[in-house]
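Source file model.cif; content: mmCIF, C-alpha atoms.
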```
data_work
#
loop_
_atom_site.group_PDB
_atom_site.id
_atom_site.type_symbol
_atom_site.label_atom_id
_atom_site.label_comp_id
_atom_site.auth_asym_id
_atom_site.auth_seq_id
_atom_site.Cartn_x
_atom_site.Cartn_y
_atom_site.Cartn_z
ATOM 1 C CA MET A 1123 -42.414 23.168 49.080
ATOM 2 C CA VAL A 1124 -40.528 26.096 47.603
ATOM 3 C CA VAL A 1125 -37.437 23.972 46.995
ATOM 4 C CA CYS A 1126 -39.508 21.172 45.411
ATOM 5 C CA ASP A 1127 -41.240 23.643 43.088
ATOM 6 C CA VAL A 1128 -37.954 25.180 42.053
ATOM 7 C CA LEU A 1129 -36.517 21.719 41.423
ATOM 8 C CA ARG A 1130 -39.446 20.650 39.258
ATOM 9 C CA ARG A 1131 -39.347 23.935 37.351
ATOM 10 C CA ALA A 1132 -35.628 23.601 36.681
ATOM 11 C CA ILE A 1133 -36.096 20.110 35.290
ATOM 12 C CA ARG A 1134 -39.176 20.979 33.257
ATOM 13 C CA ASP A 1135 -38.272 24.410 31.899
ATOM 14 C CA CYS A 1136 -34.586 25.198 32.263
ATOM 15 C CA ILE A 1137 -33.198 22.055 30.601
ATOM 16 C CA PRO A 1138 -35.017 20.247 27.763
ATOM 17 C CA LEU A 1139 -34.661 16.542 28.521
ATOM 18 C CA SER A 1140 -35.872 13.416 26.834
ATOM 19 C CA ARG A 1141 -38.255 11.005 28.530
ATOM 20 C CA PHE A 1142 -35.361 8.679 29.242
ATOM 21 C CA SER A 1143 -33.361 11.592 30.670
ATOM 22 C CA ARG A 1144 -36.218 12.559 32.985
ATOM 23 C CA LYS A 1145 -36.505 8.980 34.155
ATOM 24 C CA LEU A 1146 -32.758 8.772 34.750
ATOM 25 C CA ILE A 1147 -32.695 12.062 36.638
ATOM 26 C CA GLY A 1148 -35.699 10.932 38.659
ATOM 27 C CA ILE A 1149 -33.786 7.827 39.715
ATOM 28 C CA LYS A 1150 -30.728 9.879 40.588
ATOM 29 C CA MET A 1151 -32.771 12.411 42.534
ATOM 30 C CA ARG A 1152 -34.540 9.802 44.610
ATOM 31 C CA LYS A 1153 -31.118 8.781 45.836
ATOM 32 C CA TYR A 1154 -30.028 12.286 46.820
ATOM 33 C CA ILE A 1155 -33.259 14.224 47.362
ATOM 34 C CA VAL A 1156 -33.714 13.363 51.070
ATOM 35 C CA PRO A 1157 -30.177 14.371 52.135
ATOM 36 C CA ALA A 1158 -30.418 17.498 49.966
ATOM 37 C CA LEU A 1159 -33.766 18.490 51.448
ATOM 38 C CA ILE A 1160 -32.456 17.876 54.969
ATOM 39 C CA ILE A 1161 -29.457 20.130 54.357
ATOM 40 C CA VAL A 1162 -31.482 22.844 52.640
ATOM 41 C CA GLY A 1163 -34.219 22.586 55.274
ATOM 42 C CA SER A 1164 -31.649 22.912 58.044
ATOM 43 C CA PHE A 1165 -30.249 26.076 56.505
ATOM 44 C CA VAL A 1166 -33.740 27.518 56.030
ATOM 45 C CA ALA A 1167 -34.752 26.597 59.594
ATOM 46 C CA LEU A 1168 -31.555 28.151 60.950
ATOM 47 C CA TYR A 1169 -32.177 31.222 58.879
ATOM 48 C CA LEU A 1170 -35.767 31.560 60.108
ATOM 49 C CA LEU A 1171 -34.650 30.939 63.692
ATOM 50 C CA VAL A 1172 -32.129 33.749 63.474
ATOM 51 C CA ILE A 1173 -34.734 36.045 61.962
ATOM 52 C CA PHE A 1174 -37.292 35.115 64.591
ATOM 53 C CA TYR A 1175 -35.006 35.778 67.536
ATOM 54 C CA SER A 1176 -33.634 38.976 66.028
ATOM 55 C CA PHE A 1177 -37.090 40.398 65.276
ATOM 56 C CA PRO A 1178 -38.120 41.793 68.712
ATOM 57 C CA THR A 1179 -34.926 43.695 69.387
ATOM 58 C CA LYS A 1180 -34.072 44.864 65.897
ATOM 59 C CA PHE A 1181 -37.412 45.816 64.383
ATOM 60 C CA ILE A 1182 -39.787 46.662 67.273
ATOM 61 C CA GLY A 1183 -39.222 50.154 68.539
ATOM 62 C CA SER A 1184 -39.161 51.039 72.221
ATOM 63 C CA ASP A 1185 -42.392 52.953 71.766
ATOM 64 C CA GLY A 1186 -44.187 49.756 70.621
ATOM 65 C CA LYS A 1187 -44.914 50.867 67.072
ATOM 66 C CA GLU A 1188 -44.739 47.327 65.683
ATOM 67 C CA LEU A 1189 -46.699 47.958 62.474
ATOM 68 C CA GLU A 1190 -44.260 50.615 61.369
ATOM 69 C CA SER A 1191 -41.395 48.147 61.874
ATOM 70 C CA LEU A 1192 -42.981 45.362 59.730
ATOM 71 C CA GLY A 1193 -42.112 47.150 56.486
ATOM 72 C CA PRO A 1194 -38.348 47.167 57.032
ATOM 73 C CA TYR A 1195 -38.629 43.639 58.422
ATOM 74 C CA GLY A 1196 -40.318 42.401 55.244
ATOM 75 C CA ASP A 1197 -37.690 44.141 53.095
ATOM 76 C CA PHE A 1198 -34.989 42.393 55.138
ATOM 77 C CA ILE A 1199 -36.656 39.005 54.703
ATOM 78 C CA GLY A 1200 -37.123 39.469 50.970
ATOM 79 C CA GLY A 1201 -33.672 40.915 50.409
ATOM 80 C CA SER A 1202 -31.939 38.067 52.208
ATOM 81 C CA LEU A 1203 -34.169 35.162 51.138
ATOM 82 C CA ASN A 1204 -34.293 35.897 47.387
ATOM 83 C CA PRO A 1205 -30.506 35.556 46.842
ATOM 84 C CA LEU A 1206 -30.592 32.316 48.829
ATOM 85 C CA LEU A 1207 -33.374 30.874 46.645
ATOM 86 C CA SER A 1208 -31.592 32.087 43.488
ATOM 87 C CA PHE A 1209 -28.428 30.359 44.654
ATOM 88 C CA LEU A 1210 -30.339 27.135 45.343
ATOM 89 C CA THR A 1211 -31.939 27.338 41.878
ATOM 90 C CA LEU A 1212 -28.511 27.762 40.291
ATOM 91 C CA ILE A 1213 -27.185 24.730 42.173
ATOM 92 C CA ILE A 1214 -30.175 22.658 41.043
ATOM 93 C CA VAL A 1215 -29.700 23.712 37.397
ATOM 94 C CA ILE A 1216 -26.006 22.817 37.537
ATOM 95 C CA TRP A 1217 -26.889 19.507 39.141
ATOM 96 C CA THR A 1218 -29.482 18.590 36.526
ATOM 97 C CA SER A 1219 -27.091 19.685 33.768
ATOM 98 C CA HIS A 1220 -24.449 17.373 35.203
ATOM 99 C CA LEU A 1221 -26.923 14.497 35.317
ATOM 100 C CA GLN A 1222 -27.950 15.176 31.729
ATOM 101 C CA THR A 1223 -24.308 15.188 30.606
ATOM 102 C CA ARG A 1224 -23.721 11.835 32.287
ATOM 103 C CA GLU A 1225 -26.874 10.445 30.699
ATOM 104 C CA LEU A 1226 -25.791 11.676 27.242
ATOM 105 C CA GLU A 1227 -22.361 10.107 27.673
ATOM 106 C CA SER A 1228 -23.992 6.851 28.709
ATOM 107 C CA THR A 1229 -26.327 7.028 25.714
ATOM 108 C CA ARG A 1230 -23.430 7.684 23.320
ATOM 109 C CA ARG A 1231 -21.493 4.788 24.804
ATOM 110 C CA LEU A 1232 -24.480 2.458 24.445
ATOM 111 C CA THR A 1233 -25.054 3.665 20.883
ATOM 112 C CA ARG A 1234 -21.400 3.139 19.981
ATOM 113 C CA ASP A 1235 -21.422 -0.355 21.464
ATOM 114 C CA GLN A 1236 -24.633 -1.170 19.612
ATOM 115 C CA LEU A 1237 -23.202 0.077 16.303
ATOM 116 C CA ALA A 1238 -20.038 -1.942 16.880
ATOM 117 C CA SER A 1239 -22.098 -5.027 17.650
ATOM 118 C CA ASN A 1240 -24.233 -4.524 14.518
ATOM 119 C CA GLU A 1241 -21.196 -3.984 12.282
ATOM 120 C CA LEU A 1242 -19.438 -7.048 13.650
ATOM 121 C CA GLN A 1243 -22.600 -9.107 13.282
ATOM 122 C CA ASN A 1244 -22.984 -7.992 9.641
ATOM 123 C CA PHE A 1245 -19.342 -8.811 8.923
ATOM 124 C CA GLU A 1246 -19.557 -12.252 10.506
ATOM 125 C CA SER A 1247 -22.786 -12.938 8.658
ATOM 126 C CA GLY A 1248 -21.093 -12.105 5.348
ATOM 127 C CA PHE A 1249 -17.955 -14.054 6.209
ATOM 128 C CA PHE A 1250 -19.730 -17.241 7.242
ATOM 129 C CA HIS A 1251 -22.039 -16.967 4.256
ATOM 130 C CA LEU A 1252 -18.975 -16.931 1.986
ATOM 131 C CA LEU A 1253 -17.523 -19.813 3.978
ATOM 132 C CA ASP A 1254 -20.735 -21.749 3.394
ATOM 133 C CA ILE A 1255 -20.394 -21.052 -0.344
ATOM 134 C CA TYR A 1256 -16.827 -22.398 -0.185
ATOM 135 C CA HIS A 1257 -18.047 -25.652 1.377
ATOM 136 C CA LYS A 1258 -20.745 -25.976 -1.272
ATOM 137 C CA VAL A 1259 -18.177 -25.428 -4.035
ATOM 138 C CA VAL A 1260 -15.835 -28.049 -2.578
ATOM 139 C CA SER A 1261 -18.600 -30.564 -1.914
ATOM 140 C CA GLY A 1262 -19.775 -30.077 -5.508
ATOM 141 C CA LEU A 1263 -16.419 -31.126 -6.975
ATOM 142 C CA ARG A 1264 -16.641 -34.421 -8.839
ATOM 143 C CA ILE A 1265 -14.283 -36.406 -11.012
ATOM 144 C CA VAL A 1266 -15.122 -39.666 -12.752
ATOM 145 C CA LYS A 1267 -11.932 -41.677 -12.940
ATOM 146 C CA LEU A 1268 -11.286 -44.859 -14.855
ATOM 147 C CA GLU A 1269 -9.871 -47.535 -12.541
ATOM 148 C CA VAL A 1270 -8.573 -51.056 -13.121
ATOM 149 C CA ASP A 1271 -8.984 -53.773 -10.510
ATOM 150 C CA TYR A 1272 -6.751 -56.771 -9.803
ATOM 151 C CA ASN A 1273 -8.499 -58.800 -12.468
ATOM 152 C CA SER A 1274 -7.803 -56.106 -15.082
ATOM 153 C CA ASN A 1275 -11.453 -55.172 -15.090
ATOM 154 C CA ARG A 1276 -12.084 -51.522 -15.836
ATOM 155 C CA TYR A 1277 -14.641 -49.503 -13.957
ATOM 156 C CA TYR A 1278 -15.472 -45.857 -13.315
ATOM 157 C CA LYS A 1279 -15.057 -44.409 -9.865
ATOM 158 C CA ASP A 1280 -16.689 -41.223 -8.616
ATOM 159 C CA ILE A 1281 -14.338 -39.016 -6.583
ATOM 160 C CA LEU A 1282 -16.139 -36.274 -4.690
ATOM 161 C CA GLY A 1283 -15.404 -33.273 -2.514
ATOM 162 C CA LYS A 1284 -11.956 -32.717 -1.040
ATOM 163 C CA SER A 1285 -10.761 -36.057 -2.378
ATOM 164 C CA VAL A 1286 -10.708 -34.399 -5.814
ATOM 165 C CA PHE A 1287 -7.618 -32.400 -4.772
ATOM 166 C CA THR A 1288 -5.735 -35.653 -4.330
ATOM 167 C CA VAL A 1289 -6.461 -36.377 -7.997
ATOM 168 C CA PHE A 1290 -5.351 -32.865 -8.964
ATOM 169 C CA TYR A 1291 -2.105 -33.401 -7.072
ATOM 170 C CA GLU A 1292 -1.455 -36.781 -8.698
ATOM 171 C CA GLU A 1293 -2.045 -35.272 -12.139
ATOM 172 C CA LEU A 1294 0.335 -32.407 -11.318
ATOM 173 C CA LYS A 1295 2.932 -34.809 -9.986
ATOM 174 C CA SER A 1296 2.611 -37.070 -13.010
ATOM 175 C CA GLY A 1297 3.038 -34.162 -15.399
ATOM 176 C CA PHE A 1298 6.047 -32.904 -13.469
ATOM 177 C CA PHE A 1299 7.955 -36.212 -13.329
ATOM 178 C CA ASN A 1300 7.066 -37.204 -16.868
ATOM 179 C CA SER A 1301 8.951 -34.098 -17.971
ATOM 180 C CA GLY A 1302 12.178 -35.722 -16.861
ATOM 181 C CA LEU A 1303 12.905 -33.137 -14.204
ATOM 182 C CA SER A 1304 13.259 -35.391 -11.194
ATOM 183 C CA GLY A 1305 16.918 -36.175 -11.907
ATOM 184 C CA GLN A 1306 18.014 -32.543 -12.165
ATOM 185 C CA VAL A 1307 19.597 -30.743 -9.244
ATOM 186 C CA VAL A 1308 18.108 -27.409 -10.241
ATOM 187 C CA VAL A 1309 14.534 -27.531 -11.364
ATOM 188 C CA ASP A 1310 13.547 -25.319 -14.257
ATOM 189 C CA PRO A 1311 10.683 -23.089 -13.013
ATOM 190 C CA GLN A 1312 9.183 -22.969 -16.482
ATOM 191 C CA LYS A 1313 8.809 -26.746 -16.475
ATOM 192 C CA THR A 1314 7.038 -26.612 -13.116
ATOM 193 C CA VAL A 1315 4.732 -23.920 -14.433
ATOM 194 C CA ALA A 1316 4.074 -25.991 -17.549
ATOM 195 C CA ALA A 1317 3.140 -29.046 -15.444
ATOM 196 C CA TYR A 1318 0.693 -26.943 -13.434
ATOM 197 C CA GLN A 1319 -0.691 -25.356 -16.607
ATOM 198 C CA ASP A 1320 -1.492 -28.785 -18.076
ATOM 199 C CA MET A 1321 -3.233 -29.897 -14.877
ATOM 200 C CA TYR A 1322 -5.180 -26.616 -14.631
ATOM 201 C CA VAL A 1323 -6.384 -26.740 -18.231
ATOM 202 C CA GLN A 1324 -7.742 -30.262 -17.718
ATOM 203 C CA ASN A 1325 -9.658 -29.154 -14.600
ATOM 204 C CA ARG A 1326 -10.338 -25.502 -15.395
ATOM 205 C CA SER A 1327 -14.058 -25.532 -14.595
ATOM 206 C CA ASP A 1328 -13.516 -26.907 -11.104
ATOM 207 C CA LEU A 1329 -10.314 -25.096 -10.172
ATOM 208 C CA GLY A 1330 -11.408 -21.744 -11.580
ATOM 209 C CA HIS A 1331 -14.578 -21.720 -9.493
ATOM 210 C CA TYR A 1332 -12.664 -22.886 -6.421
ATOM 211 C CA PHE A 1333 -9.938 -20.251 -6.634
ATOM 212 C CA ARG A 1334 -12.391 -17.407 -7.293
ATOM 213 C CA THR A 1335 -14.377 -18.376 -4.211
ATOM 214 C CA LEU A 1336 -11.273 -18.569 -2.026
ATOM 215 C CA TYR A 1337 -9.950 -15.287 -3.374
ATOM 216 C CA ASN A 1338 -13.184 -13.442 -2.661
ATOM 217 C CA ILE A 1339 -13.297 -14.693 0.924
ATOM 218 C CA LEU A 1340 -9.779 -13.402 1.548
ATOM 219 C CA ARG A 1341 -10.511 -10.102 -0.169
ATOM 220 C CA PHE A 1342 -13.702 -9.684 1.865
ATOM 221 C CA VAL A 1343 -11.755 -10.024 5.128
ATOM 222 C CA ASP A 1344 -8.888 -7.858 3.914
ATOM 223 C CA GLU A 1345 -11.038 -4.960 2.651
ATOM 224 C CA THR A 1346 -13.478 -4.870 5.555
ATOM 225 C CA SER A 1347 -13.024 -1.849 7.810
ATOM 226 C CA LEU A 1348 -15.413 -1.667 10.738
ATOM 227 C CA VAL A 1349 -15.751 1.955 11.856
ATOM 228 C CA HIS A 1350 -16.950 1.295 15.406
ATOM 229 C CA THR A 1351 -14.900 -1.831 16.044
ATOM 230 C CA GLU A 1352 -11.181 -2.284 16.569
ATOM 231 C CA PHE A 1353 -10.535 -4.233 13.384
ATOM 232 C CA ASN A 1354 -6.767 -4.654 13.069
ATOM 233 C CA LYS A 1355 -4.669 -7.283 11.324
ATOM 234 C CA GLU A 1356 -4.664 -9.652 14.297
ATOM 235 C CA PHE A 1357 -8.438 -9.422 14.426
ATOM 236 C CA GLN A 1358 -8.618 -10.274 10.720
ATOM 237 C CA MET A 1359 -6.242 -13.174 11.239
ATOM 238 C CA LYS A 1360 -8.750 -14.767 13.631
ATOM 239 C CA TYR A 1361 -11.192 -15.157 10.750
ATOM 240 C CA VAL A 1362 -8.557 -16.174 8.214
ATOM 241 C CA ARG A 1363 -7.481 -18.945 10.597
ATOM 242 C CA VAL A 1364 -11.056 -20.221 10.520
ATOM 243 C CA LEU A 1365 -10.798 -20.406 6.733
ATOM 244 C CA ARG A 1366 -7.316 -21.900 6.842
ATOM 245 C CA ALA A 1367 -8.539 -24.672 9.132
ATOM 246 C CA GLN A 1368 -10.906 -25.800 6.373
ATOM 247 C CA LEU A 1369 -8.118 -26.388 3.841
ATOM 248 C CA SER A 1370 -6.749 -29.898 3.392
ATOM 249 C CA ASP A 1371 -3.067 -30.679 2.798
ATOM 250 C CA TYR A 1372 -3.606 -31.248 -0.902
ATOM 251 C CA GLU A 1373 -5.549 -28.023 -1.235
ATOM 252 C CA LEU A 1374 -2.576 -26.175 0.256
ATOM 253 C CA VAL A 1375 -0.167 -27.785 -2.198
ATOM 254 C CA ILE A 1376 -2.390 -26.898 -5.154
ATOM 255 C CA LEU A 1377 -2.603 -23.338 -3.788
ATOM 256 C CA TYR A 1378 1.185 -23.209 -3.578
ATOM 257 C CA TYR A 1379 1.708 -24.157 -7.198
ATOM 258 C CA ASN A 1380 -1.136 -21.905 -8.277
ATOM 259 C CA CYS A 1381 0.902 -19.009 -6.848
ATOM 260 C CA VAL A 1382 3.879 -20.168 -8.922
ATOM 261 C CA HIS A 1383 1.672 -19.843 -11.992
ATOM 262 C CA ALA A 1384 0.547 -16.490 -13.352
ATOM 263 C CA ASN A 1385 -3.020 -17.368 -12.354
ATOM 264 C CA GLY A 1386 -2.061 -16.847 -8.709
ATOM 265 C CA ASP A 1387 -0.582 -13.357 -8.981
ATOM 266 C CA ARG A 1388 -3.572 -11.680 -7.343
ATOM 267 C CA MET A 1389 -3.948 -14.434 -4.767
ATOM 268 C CA LEU A 1390 -0.255 -14.308 -3.773
ATOM 269 C CA LYS A 1391 -0.687 -11.085 -1.771
ATOM 270 C CA PHE A 1392 -3.287 -12.660 0.525
ATOM 271 C CA ILE A 1393 -1.467 -15.995 0.683
ATOM 272 C CA ASN A 1394 1.635 -14.293 2.087
ATOM 273 C CA GLU A 1395 -0.043 -11.647 4.202
ATOM 274 C CA TYR A 1396 -2.306 -14.086 6.042
ATOM 275 C CA GLU A 1397 0.157 -17.010 6.080
ATOM 276 C CA ILE A 1398 -2.277 -19.352 4.377
ATOM 277 C CA LEU A 1399 0.446 -21.893 3.574
ATOM 278 C CA ASP A 1400 1.932 -21.848 7.077
ATOM 279 C CA ASN A 1401 0.872 -25.459 7.749
ATOM 280 C CA MET A 1402 1.476 -26.878 4.301
ATOM 281 C CA PRO A 1403 3.364 -30.205 4.532
ATOM 282 C CA LYS A 1404 6.629 -29.600 2.681
ATOM 283 C CA ASP A 1405 7.081 -33.302 1.945
ATOM 284 C CA LEU A 1406 4.292 -32.959 -0.640
ATOM 285 C CA LEU A 1407 6.320 -30.530 -2.740
ATOM 286 C CA LEU A 1408 7.167 -31.943 -6.143
ATOM 287 C CA ASP A 1409 10.840 -31.253 -5.483
ATOM 288 C CA LEU A 1410 12.655 -30.326 -2.279
ATOM 289 C CA THR A 1411 14.294 -27.389 -4.054
ATOM 290 C CA HIS A 1412 10.936 -25.730 -4.677
ATOM 291 C CA GLU A 1413 10.814 -24.274 -1.177
ATOM 292 C CA GLN A 1414 13.924 -22.180 -1.903
ATOM 293 C CA GLN A 1415 13.313 -21.744 -5.602
ATOM 294 C CA PHE A 1416 9.922 -20.116 -5.164
ATOM 295 C CA ASN A 1417 10.930 -18.041 -2.145
ATOM 296 C CA GLN A 1418 8.445 -15.305 -2.998
ATOM 297 C CA ILE A 1419 5.812 -17.594 -1.512
ATOM 298 C CA LYS A 1420 5.759 -17.512 2.292
ATOM 299 C CA LEU A 1421 5.573 -20.934 3.934
#
```
I need this file expressed as structure tokens, please.
Amino acid sequence: MVVCDVLRRAIRDCIPLSRFSRKLIGIKMRKYIVPALIIVGSFVALYLLVIFYSFPTKFIGSDGKELESLGPYGDFIGGSLNPLLSFLTLIIVIWTSHLQTRELESTRRLTRDQLASNELQNFESGFFHLLDIYHKVVSGLRIVKLEVDYNSNRYYKDILGKSVFTVFYEELKSGFFNSGLSGQVVVDPQKTVAAYQDMYVQNRSDLGHYFRTLYNILRFVDETSLVHTEFNKEFQMKYVRVLRAQLSDYELVILYYNCVHANGDRMLKFINEYEILDNMPKDLLLDLTHEQQFNQIKL
């Protein structure tokens, strides 16, 4: 009973614990309380046994004056038992302090994991929201093109979504070859830029919106720094690869020539750093020399 009271007092008064801490310590104690009580009880029983057997010879005089011997006997009991109980109290306090430290470490670890999970969830929510905006921008692209059938009948054809980039590419290609550059061994970069400029001006409303959306997705990934999550370049690349998988071949080619133009100066950093053009089909380049000529763009 004495040990149990001391234990409860140490938990209640010596160390201020939260409700969760008390519950945790209660669980821990139920595991160790029986062995601890057995050990402590054994020591106490041994101690009392020694005292009991030493009492008649040490404290009862030969003249039988037992009452006069009870005073020194009580002083002996109190003087020897109090340090023992103080020592047990100290052990219990150290024990509960150790349990509290472990509980606090566990709580900090759970809190850190929860913060990391929340930060990652917020980042992914923002990233996939921007990706959804990208799909809406692309699906909203529309070009009405005048076509001529085999009977020389003219009609208008709606070209929607990613198919629009095929039209952009054909316009760029037409402007490039109509400049008379295809027969030259060395292509004049200014002519290539001029061909892209003409195509961009004709489709400014669509291409401007598209490039701004793509740029902001890449900047969002690049500038995000999650405090409680290991967010390194390889981790960022996982999300950029998701974006890159959405880009068609003709989108990649248009991106390439956008980086040749001054419009792509800000985009070029992300294009190279995250290897956006890594899978671009080189056979779609307007001229085979462009791969070496525009070597500032990483393919």
Exercise. If I put a ball of radius 12 Å at (1.4, -21.1, -5.3) in the file's coordinates, which residues poke into it when counting all atoms listed in the file, written as JSON, numbers by chain?
Worked result: {"A": [1314, 1315, 1318, 1333, 1373, 1374, 1375, 1376, 1377, 1378, 1379, 1380, 1381, 1382, 1383, 1384, 1385, 1386, 1387, 1388, 1389, 1390, 1391, 1392, 1393, 1394, 1398, 1399, 1402, 1407, 1412, 1413, 1415, 1416, 1417, 1418, 1419, 1420, 1421]}
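What separates CA of Arg1264 in chain A from CA of Asp1328 in chain A is a distance of 8.4 Å.
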Exercise. Separation of CA of Lys1313 in chain A and CA of Thr1288 in chain A, in Å?
Worked result: 20.9 Å
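Distances from A:Asp1405, A:Phe1249, A:Arg1366, A:Val1266 to Arg1341 in chain A were compared using all atoms listed in the file, and the smallest one belongs to A:Phe1249.
The space separating CA of Phe1342 in chain A from CA of Lys1404 in chain A comes to 28.5 Å.
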Quick one: which range 1297-1404 of chain A residues come within 9 Å of range 1253-1263 of chain A, and what is the nearest atom pair for each with the distance in Å to one decimal, counting only C-alpha atoms, rows ordered by chain and ascending number, as JSON lines?
```
{"residue": "A:Asp1328", "atom": "CA", "partner": "A:Leu1263", "partner_atom": "CA", "distance": 6.6}
{"residue": "A:His1331", "atom": "CA", "partner": "A:Val1259", "partner_atom": "CA", "distance": 7.5}
{"residue": "A:Tyr1332", "atom": "CA", "partner": "A:Val1259", "partner_atom": "CA", "distance": 6.5}
{"residue": "A:Thr1335", "atom": "CA", "partner": "A:Tyr1256", "partner_atom": "CA", "distance": 6.2}
{"residue": "A:Leu1336", "atom": "CA", "partner": "A:Tyr1256", "partner_atom": "CA", "distance": 7.0}
{"residue": "A:Ile1339", "atom": "CA", "partner": "A:Leu1253", "partner_atom": "CA", "distance": 7.3}
{"residue": "A:Leu1365", "atom": "CA", "partner": "A:Leu1253", "partner_atom": "CA", "distance": 7.3}
{"residue": "A:Gln1368", "atom": "CA", "partner": "A:His1257", "partner_atom": "CA", "distance": 8.7}
```
Store the residues picked out above in a file with C-alpha atoms, as a PDB file, in the coordinates of the input.
```pdb
ATOM      1  CA  ASP A1328     -13.516 -26.907 -11.104  1.00  0.00           C
ATOM      2  CA  HIS A1331     -14.578 -21.720  -9.493  1.00  0.00           C
ATOM      3  CA  TYR A1332     -12.664 -22.886  -6.421  1.00  0.00           C
ATOM      4  CA  THR A1335     -14.377 -18.376  -4.211  1.00  0.00           C
ATOM      5  CA  LEU A1336     -11.273 -18.569  -2.026  1.00  0.00           C
ATOM      6  CA  ILE A1339     -13.297 -14.693   0.924  1.00  0.00           C
ATOM      7  CA  LEU A1365     -10.798 -20.406   6.733  1.00  0.00           C
ATOM      8  CA  GLN A1368     -10.906 -25.800   6.373  1.00  0.00           C
TER       9      GLN A1368
END
```
Exercise. With distances taken over all atoms listed in the file, which of A:Phe1250, A:Phe1165, A:Tyr1361, A:Phe1245 is nearest to Leu1210 in chain A?
Worked result: A:Phe1165
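Distances from A:Leu1408, A:Glu1356, A:Glu1227, A:Asn1338 to Ala1317 in chain A were compared using only C-alpha atoms, and the smallest one belongs to A:Leu1408.
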Could you add N, CA and C atoms to range 1207-1222 of chain A and give me the result as a PDB file, in the frame of the given file?
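And here's result_9.pdb as it stands now:
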```
ATOM      1  N   LEU A1207     -32.594  31.718  47.562  1.00  0.00           N
ATOM      2  CA  LEU A1207     -33.374  30.874  46.645  1.00  0.00           C
ATOM      3  C   LEU A1207     -32.765  30.880  45.252  1.00  0.00           C
ATOM      4  N   SER A1208     -32.246  32.029  44.798  1.00  0.00           N
ATOM      5  CA  SER A1208     -31.592  32.087  43.488  1.00  0.00           C
ATOM      6  C   SER A1208     -30.356  31.192  43.460  1.00  0.00           C
ATOM      7  N   PHE A1209     -29.618  31.203  44.569  1.00  0.00           N
ATOM      8  CA  PHE A1209     -28.428  30.359  44.654  1.00  0.00           C
ATOM      9  C   PHE A1209     -28.814  28.877  44.616  1.00  0.00           C
ATOM     10  N   LEU A1210     -29.880  28.524  45.358  1.00  0.00           N
ATOM     11  CA  LEU A1210     -30.339  27.135  45.343  1.00  0.00           C
ATOM     12  C   LEU A1210     -30.805  26.726  43.954  1.00  0.00           C
ATOM     13  N   THR A1211     -31.492  27.625  43.249  1.00  0.00           N
ATOM     14  CA  THR A1211     -31.939  27.338  41.878  1.00  0.00           C
ATOM     15  C   THR A1211     -30.749  27.095  40.962  1.00  0.00           C
ATOM     16  N   LEU A1212     -29.713  27.939  41.107  1.00  0.00           N
ATOM     17  CA  LEU A1212     -28.511  27.762  40.291  1.00  0.00           C
ATOM     18  C   LEU A1212     -27.861  26.417  40.561  1.00  0.00           C
ATOM     19  N   ILE A1213     -27.771  26.028  41.833  1.00  0.00           N
ATOM     20  CA  ILE A1213     -27.185  24.730  42.173  1.00  0.00           C
ATOM     21  C   ILE A1213     -27.984  23.596  41.558  1.00  0.00           C
ATOM     22  N   ILE A1214     -29.316  23.716  41.596  1.00  0.00           N
ATOM     23  CA  ILE A1214     -30.175  22.658  41.043  1.00  0.00           C
ATOM     24  C   ILE A1214     -29.995  22.566  39.530  1.00  0.00           C
ATOM     25  N   VAL A1215     -29.896  23.711  38.854  1.00  0.00           N
ATOM     26  CA  VAL A1215     -29.700  23.712  37.397  1.00  0.00           C
ATOM     27  C   VAL A1215     -28.367  23.058  37.037  1.00  0.00           C
ATOM     28  N   ILE A1216     -27.314  23.429  37.790  1.00  0.00           N
ATOM     29  CA  ILE A1216     -26.006  22.817  37.537  1.00  0.00           C
ATOM     30  C   ILE A1216     -26.061  21.314  37.783  1.00  0.00           C
ATOM     31  N   TRP A1217     -26.762  20.931  38.814  1.00  0.00           N
ATOM     32  CA  TRP A1217     -26.889  19.507  39.141  1.00  0.00           C
ATOM     33  C   TRP A1217     -27.588  18.732  38.031  1.00  0.00           C
ATOM     34  N   THR A1218     -28.736  19.266  37.597  1.00  0.00           N
ATOM     35  CA  THR A1218     -29.482  18.590  36.526  1.00  0.00           C
ATOM     36  C   THR A1218     -28.693  18.580  35.224  1.00  0.00           C
ATOM     37  N   SER A1219     -27.937  19.661  34.964  1.00  0.00           N
ATOM     38  CA  SER A1219     -27.091  19.685  33.768  1.00  0.00           C
ATOM     39  C   SER A1219     -26.017  18.608  33.837  1.00  0.00           C
ATOM     40  N   HIS A1220     -25.455  18.434  35.027  1.00  0.00           N
ATOM     41  CA  HIS A1220     -24.449  17.373  35.203  1.00  0.00           C
ATOM     42  C   HIS A1220     -25.056  15.991  34.987  1.00  0.00           C
ATOM     43  N   LEU A1221     -26.254  15.780  35.512  1.00  0.00           N
ATOM     44  CA  LEU A1221     -26.923  14.497  35.317  1.00  0.00           C
ATOM     45  C   LEU A1221     -27.239  14.252  33.848  1.00  0.00           C
ATOM     46  N   GLN A1222     -27.654  15.317  33.154  1.00  0.00           N
ATOM     47  CA  GLN A1222     -27.950  15.176  31.729  1.00  0.00           C
ATOM     48  C   GLN A1222     -26.689  14.834  30.940  1.00  0.00           C
TER      49      GLN A1222
END
```
